[in-house]
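What follows is entry_38.txt (compact mmCIF, C-alpha atoms).
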```
# COMPACT_ATOMS: atom_id res chain seq x y z
CA MET A 1 2.53 -12.75 2.09
CA ARG A 2 2.14 -10.45 -0.92
CA GLU A 3 0.03 -7.29 -0.61
CA ILE A 4 -0.55 -4.29 -2.85
CA VAL A 5 -0.81 -0.81 -1.32
CA PHE A 6 -2.49 1.57 -3.75
CA ASP A 7 -4.19 4.91 -4.25
CA THR A 8 -6.18 6.55 -7.02
CA GLU A 9 -6.86 10.10 -8.15
CA THR A 10 -10.16 10.84 -9.90
CA THR A 11 -12.12 13.52 -11.75
CA GLY A 12 -14.56 13.81 -8.85
CA LEU A 13 -16.23 11.99 -6.00
CA SER A 14 -18.69 9.57 -7.60
CA PRO A 15 -18.37 7.02 -10.41
CA ALA A 16 -22.17 6.92 -10.43
CA ASN A 17 -22.06 10.52 -11.65
CA GLY A 18 -19.61 9.66 -14.42
CA ASP A 19 -16.39 10.44 -12.58
CA ARG A 20 -13.34 8.43 -13.67
CA ILE A 21 -9.90 7.40 -12.44
CA VAL A 22 -7.12 9.63 -13.79
CA GLU A 23 -4.18 8.17 -11.87
CA PHE A 24 -3.36 4.83 -10.25
CA GLY A 25 -0.33 4.23 -8.07
CA GLY A 26 0.47 0.96 -6.35
CA LEU A 27 3.44 -0.80 -4.79
CA GLU A 28 4.18 -4.35 -3.74
CA LEU A 29 4.82 -5.51 -0.18
CA ILE A 30 6.14 -8.97 0.68
CA ASP A 31 5.78 -9.74 4.40
CA ARG A 32 5.23 -6.00 4.97
CA ILE A 33 8.51 -5.05 3.24
CA GLU A 34 8.56 -2.93 0.05
CA THR A 35 10.07 -4.87 -2.84
CA GLY A 36 10.55 -1.87 -5.14
CA ARG A 37 8.01 -3.18 -7.66
CA THR A 38 5.39 -0.56 -8.54
CA PHE A 39 2.67 0.20 -11.06
CA HIS A 40 1.93 3.84 -11.90
CA ALA A 41 -0.22 5.22 -14.68
CA TYR A 42 -2.16 8.31 -15.72
CA PHE A 43 -5.38 7.89 -17.70
CA ASN A 44 -7.37 10.06 -20.08
CA PRO A 45 -10.79 10.09 -18.39
CA GLU A 46 -12.67 11.12 -21.55
CA ARG A 47 -14.44 13.85 -19.61
CA MET A 48 -13.69 17.24 -18.08
CA MET A 49 -11.93 17.52 -14.72
CA ASP A 50 -13.89 18.88 -11.75
CA PRO A 51 -12.04 22.04 -10.62
CA ALA A 52 -12.29 20.92 -6.98
CA ALA A 53 -10.59 17.62 -7.84
CA GLN A 54 -7.88 19.39 -9.85
CA ALA A 55 -7.18 21.60 -6.83
CA VAL A 56 -6.43 18.45 -4.84
CA HIS A 57 -4.17 16.56 -7.26
CA GLY A 58 -3.18 19.17 -9.85
CA LEU A 59 -3.96 17.01 -12.89
CA SER A 60 -5.43 19.14 -15.67
CA ASP A 61 -7.40 18.25 -18.80
CA ALA A 62 -4.43 19.38 -20.90
CA PHE A 63 -2.00 17.13 -19.00
CA LEU A 64 -4.28 14.09 -19.33
CA ALA A 65 -5.25 14.66 -22.97
CA ASP A 66 -2.51 12.44 -24.43
CA LYS A 67 -2.59 9.76 -21.73
CA PRO A 68 -3.89 6.24 -22.49
CA PHE A 69 -7.45 5.22 -21.71
CA PHE A 70 -7.97 2.92 -18.74
CA ASN A 71 -8.85 -0.05 -20.98
CA GLU A 72 -5.52 0.28 -22.78
CA ARG A 73 -3.58 -0.57 -19.60
CA VAL A 74 -6.08 -2.71 -17.72
CA GLU A 75 -4.19 -5.94 -18.49
CA GLU A 76 -0.97 -4.53 -17.04
CA LEU A 77 -2.85 -3.38 -13.96
CA LEU A 78 -4.54 -6.72 -13.38
CA ASP A 79 -1.24 -8.55 -13.88
CA PHE A 80 0.29 -6.33 -11.20
CA LEU A 81 -2.58 -6.79 -8.74
CA GLU A 82 -2.73 -10.58 -9.20
CA ASP A 83 -4.97 -12.01 -6.45
CA SER A 84 -3.25 -10.16 -3.59
CA PRO A 85 -4.97 -8.25 -0.79
CA LEU A 86 -5.41 -4.59 -1.72
CA VAL A 87 -4.55 -1.98 0.92
CA ALA A 88 -5.92 1.55 0.64
CA HIS A 89 -6.92 4.47 2.86
CA ASN A 90 -10.69 4.99 2.91
CA ALA A 91 -10.55 1.95 0.69
CA MET A 92 -14.18 1.75 -0.39
CA PHE A 93 -13.76 5.00 -2.33
CA ASP A 94 -10.90 3.61 -4.44
CA TYR A 95 -12.55 0.17 -4.58
CA GLY A 96 -15.74 1.67 -6.03
CA PHE A 97 -13.83 3.54 -8.72
CA LEU A 98 -11.69 0.52 -9.63
CA ASN A 99 -14.70 -1.74 -10.02
CA HIS A 100 -16.50 0.89 -12.07
CA GLU A 101 -13.55 1.06 -14.47
CA LEU A 102 -13.19 -2.72 -14.61
CA SER A 103 -16.89 -3.17 -15.35
CA ALA A 104 -16.65 -0.59 -18.14
CA CYS A 105 -13.89 -2.74 -19.65
CA GLY A 106 -15.99 -5.89 -19.38
CA ARG A 107 -13.78 -7.27 -16.58
CA LEU A 108 -14.82 -8.98 -13.38
CA LYS A 109 -15.18 -6.79 -10.33
CA LEU A 110 -12.73 -7.16 -7.46
CA PRO A 111 -14.28 -8.94 -4.44
CA VAL A 112 -14.61 -6.77 -1.36
CA SER A 113 -12.93 -9.54 0.66
CA ARG A 114 -9.60 -8.46 -0.88
CA ILE A 115 -9.84 -4.93 0.49
CA VAL A 116 -7.89 -3.83 3.58
CA ASP A 117 -8.88 -0.36 4.77
CA THR A 118 -6.16 1.47 6.71
CA LEU A 119 -8.67 4.15 7.71
CA ALA A 120 -10.76 1.51 9.51
CA ILE A 121 -7.62 0.07 11.12
CA ALA A 122 -6.49 3.52 12.27
CA ARG A 123 -9.91 4.27 13.76
CA ALA A 124 -9.87 0.96 15.63
CA ARG A 125 -6.31 1.46 16.89
CA HIS A 126 -6.57 5.17 17.72
CA PRO A 127 -10.21 6.10 18.37
CA GLY A 128 -10.89 9.80 18.63
CA ALA A 129 -7.65 10.81 16.87
CA LYS A 130 -7.27 12.34 13.42
CA HIS A 131 -6.93 9.68 10.72
CA SER A 132 -6.04 11.56 7.53
CA LEU A 133 -2.91 10.50 5.69
CA ASP A 134 -1.15 13.67 6.87
CA ALA A 135 -2.23 13.12 10.48
CA LEU A 136 -1.02 9.51 10.46
CA CYS A 137 2.32 10.53 8.95
CA THR A 138 2.70 12.97 11.83
CA ARG A 139 1.73 10.32 14.40
CA PHE A 140 4.32 7.85 13.12
CA GLY A 141 7.07 10.36 12.26
CA ILE A 142 6.90 9.72 8.51
CA ASP A 143 8.40 12.47 6.33
CA ARG A 144 5.79 13.92 3.99
CA SER A 145 7.59 17.19 3.21
CA HIS A 146 7.64 16.34 -0.52
CA ARG A 147 3.83 15.96 -0.60
CA VAL A 148 2.73 19.31 -2.01
CA LYS A 149 -0.37 17.87 -3.71
CA HIS A 150 -1.99 14.45 -3.69
CA GLY A 151 -0.40 11.95 -6.05
CA ALA A 152 -1.42 8.31 -6.33
CA LEU A 153 2.03 6.70 -6.18
CA LEU A 154 3.41 9.17 -3.62
CA ASP A 155 0.38 8.62 -1.39
CA ALA A 156 0.69 4.85 -1.78
CA GLN A 157 4.34 5.06 -0.70
CA LEU A 158 3.38 7.05 2.40
CA LEU A 159 0.49 4.71 3.10
CA ALA A 160 2.75 1.66 2.93
CA GLN A 161 4.83 3.08 5.79
CA ILE A 162 1.68 3.91 7.74
CA TYR A 163 0.29 0.40 7.15
CA VAL A 164 3.44 -1.20 8.52
CA GLU A 165 3.21 0.98 11.63
CA LEU A 166 -0.49 0.23 12.10
CA THR A 167 0.12 -3.52 11.87
CA GLY A 168 3.15 -3.89 14.09
CA GLY A 169 5.69 -1.40 12.79
CA ARG A 170 9.30 -1.93 13.73
CA GLN A 171 8.28 -4.62 16.22
CA ILE A 172 7.55 -7.06 13.40
CA GLY A 173 10.22 -9.76 13.42
CA LEU A 174 11.66 -9.06 16.90
CA SER A 175 10.02 -12.07 18.56
CA LEU A 176 11.86 -15.38 18.78
CA ASP A 177 8.61 -17.39 18.90
CA PRO A 178 7.59 -19.59 15.95
CA ILE A 179 5.65 -17.54 13.41
CA ASP A 180 3.16 -17.84 10.63
CA ILE A 181 4.07 -15.32 7.92
CA THR A 182 0.99 -16.17 5.87
CA ALA A 183 -1.50 -14.70 8.35
CA PRO A 184 -2.49 -11.00 8.43
CA PRO A 185 -2.47 -8.95 11.66
CA THR A 186 -5.10 -9.00 14.39
CA ILE A 187 -7.20 -5.85 14.05
CA SER A 188 -10.80 -5.28 15.13
CA LEU A 189 -12.46 -3.49 12.23
CA PRO A 190 -15.90 -1.96 11.62
CA PRO A 191 -18.47 -4.08 9.71
CA MET A 192 -17.45 -2.48 6.38
CA GLN A 193 -14.18 -4.43 6.48
CA VAL A 194 -15.43 -7.74 5.13
CA ASP A 195 -13.27 -10.81 5.78
CA ALA A 196 -11.02 -8.73 8.02
CA PRO A 197 -7.58 -10.13 8.92
CA THR A 198 -7.71 -12.36 11.97
CA SER A 199 -4.16 -13.12 13.10
CA ARG A 200 -0.98 -11.14 13.59
CA VAL A 201 1.97 -11.32 11.22
CA ARG A 202 5.43 -11.55 12.70
CA ARG A 203 8.48 -12.04 10.54
CA THR A 204 11.77 -13.66 11.53
CA PRO A 205 14.56 -11.75 9.74
CA MET A 206 16.89 -13.96 7.70
CA PRO A 207 20.38 -12.80 6.61
CA SER A 208 21.09 -12.61 2.90
CA GLN A 209 23.96 -14.51 1.30
CA ALA A 210 25.91 -11.25 1.04
CA GLU A 211 25.43 -10.58 4.75
CA LEU A 212 26.58 -14.12 5.63
CA ALA A 213 29.69 -13.67 3.50
CA ARG A 214 30.54 -10.34 5.17
CA HIS A 215 30.05 -11.94 8.58
CA ALA A 216 32.40 -14.82 7.70
CA LEU A 217 35.10 -12.34 6.60
CA LEU A 218 34.70 -10.39 9.82
CA VAL A 219 35.02 -13.53 11.95
CA ALA A 220 38.10 -14.65 10.01
CA GLU A 221 39.88 -11.37 10.89
CA LEU A 222 39.34 -11.74 14.65
CA GLU A 223 42.46 -12.42 16.68
CA SER A 224 42.15 -15.16 19.29
CA PRO A 225 38.34 -15.27 19.43
CA ILE A 226 36.93 -16.34 22.78
CA TRP A 227 35.39 -19.54 21.40
CA HIS A 228 38.92 -20.82 20.43
CA ARG A 229 40.35 -20.39 23.93
CA SER A 230 40.83 -23.31 26.28
CA PRO A 231 38.34 -23.48 29.17
```
Mind converting the file's structure to structure tokens?
Amino acid sequence: MREIVFDTETTGLSPANGDRIVEFGGLELIDRIETGRTFHAYFNPERMMDPAAQAVHGLSDAFLADKPFFNERVEELLDFLEDSPLVAHNAMFDYGFLNHELSACGRLKLPVSRIVDTLAIARARHPGAKHSLDALCTRFGIDRSHRVKHGALLDAQLLAQIYVELTGGRQIGLSLDPIDITAPPTISLPPMQVDAPTSRVRRTPMPSQAELARHALLVAELESPIWHRSP
């Protein structure tokens, strides 16, 4: 199953007040494994940056002045997203900004049924705990030492690791039972999570051709293997 984990940085807190996306970062997961395919872009928001927002992500008006407008890269972005589920932390914030930008470009809005909110999952899995990105990195032992300020792609990369942990972590693929890799994990989510995933993903690991070749060479070098001995 293909999923996109993403994050945005913005000029402020509300698209209704004219705030815009200034950075998008997303990465591709296939069966909860990062493929290395990403989409990252900065955008000229055509408005001044809120100082409070700049303090969070460090993106200044001067830095963004020569960056493309959102509508200049919207086709690349939509090609990257395809029709995959979209995973974000406090997802309705990013979802609202994305749909605002898409509408401004005359594009169709993304349906809320595509949104997977890791904040809602974390609250359901660990009620009463802290659920910020930093707190979840600490909970799952994920290194965030290089996160000095918020950055869309960096935060998406951290969130991808958190998402894997929240939906099975290193236990995915350890079962020998038959599996359905097309179904998302079982998580009880608040009402905001429309069309929430209903069944757990487990993945049976398959060796690559290179791994099979290395195994064959190793076996060939064994002296008097036990399976060649007479009973």
Can you tell me, as a CSV table (one decimal) with C-alpha atoms, keeping the file's coordinate frame, what residues are no more than 12 Å from Leu159 (chain A) when counting all atoms listed in the file, ignoring any on the same chain fewer than 4 positions away?
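This is the output file selection14.csv:
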```
chain,number,residue,atom,x,y,z
A,4,ILE,CA,-0.6,-4.3,-2.8
A,5,VAL,CA,-0.8,-0.8,-1.3
A,6,PHE,CA,-2.5,1.6,-3.8
A,7,ASP,CA,-4.2,4.9,-4.2
A,25,GLY,CA,-0.3,4.2,-8.1
A,26,GLY,CA,0.5,1.0,-6.4
A,27,LEU,CA,3.4,-0.8,-4.8
A,28,GLU,CA,4.2,-4.4,-3.7
A,29,LEU,CA,4.8,-5.5,-0.2
A,32,ARG,CA,5.2,-6.0,5.0
A,34,GLU,CA,8.6,-2.9,0.0
A,87,VAL,CA,-4.6,-2.0,0.9
A,88,ALA,CA,-5.9,1.6,0.6
A,89,HIS,CA,-6.9,4.5,2.9
A,90,ASN,CA,-10.7,5.0,2.9
A,91,ALA,CA,-10.6,2.0,0.7
A,116,VAL,CA,-7.9,-3.8,3.6
A,117,ASP,CA,-8.9,-0.4,4.8
A,118,THR,CA,-6.2,1.5,6.7
A,119,LEU,CA,-8.7,4.2,7.7
A,122,ALA,CA,-6.5,3.5,12.3
A,131,HIS,CA,-6.9,9.7,10.7
A,132,SER,CA,-6.0,11.6,7.5
A,133,LEU,CA,-2.9,10.5,5.7
A,134,ASP,CA,-1.2,13.7,6.9
A,135,ALA,CA,-2.2,13.1,10.5
A,136,LEU,CA,-1.0,9.5,10.5
A,137,CYS,CA,2.3,10.5,9.0
A,140,PHE,CA,4.3,7.8,13.1
A,142,ILE,CA,6.9,9.7,8.5
A,143,ASP,CA,8.4,12.5,6.3
A,144,ARG,CA,5.8,13.9,4.0
A,151,GLY,CA,-0.4,12.0,-6.0
A,152,ALA,CA,-1.4,8.3,-6.3
A,153,LEU,CA,2.0,6.7,-6.2
A,154,LEU,CA,3.4,9.2,-3.6
A,155,ASP,CA,0.4,8.6,-1.4
A,163,TYR,CA,0.3,0.4,7.2
A,164,VAL,CA,3.4,-1.2,8.5
A,165,GLU,CA,3.2,1.0,11.6
A,166,LEU,CA,-0.5,0.2,12.1
```
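Going from CA of Thr38 (chain A) over to CA of Leu108 (chain A), you cover 22.4 Å.
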Take the point (-15.3, 1.3, -11.4) in the file's coordinates, draw a sphere of radius 10 Å around it, and report as a PyMOL selection string every protein, DNA or RNA residue with an atom inside or on it, counting all atoms listed in the file. chain A and resi 14-16+18-21+93-105+109-110
Of the listed residues A:Asp31, A:Glu76, A:Glu82, A:Glu23, that which approaches Leu64 (chain A) most closely, counting all atoms listed in the file: A:Glu23
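Atom pair CA of Leu59 (chain A) / CA of Phe39 (chain A) has a distance of 18.2 Å (rounded to one decimal).
The closest residue to Ser60 (chain A), picked from A:Arg123, A:Lys130, A:Arg2, A:Arg47 and counting only C-alpha atoms, is A:Arg47.
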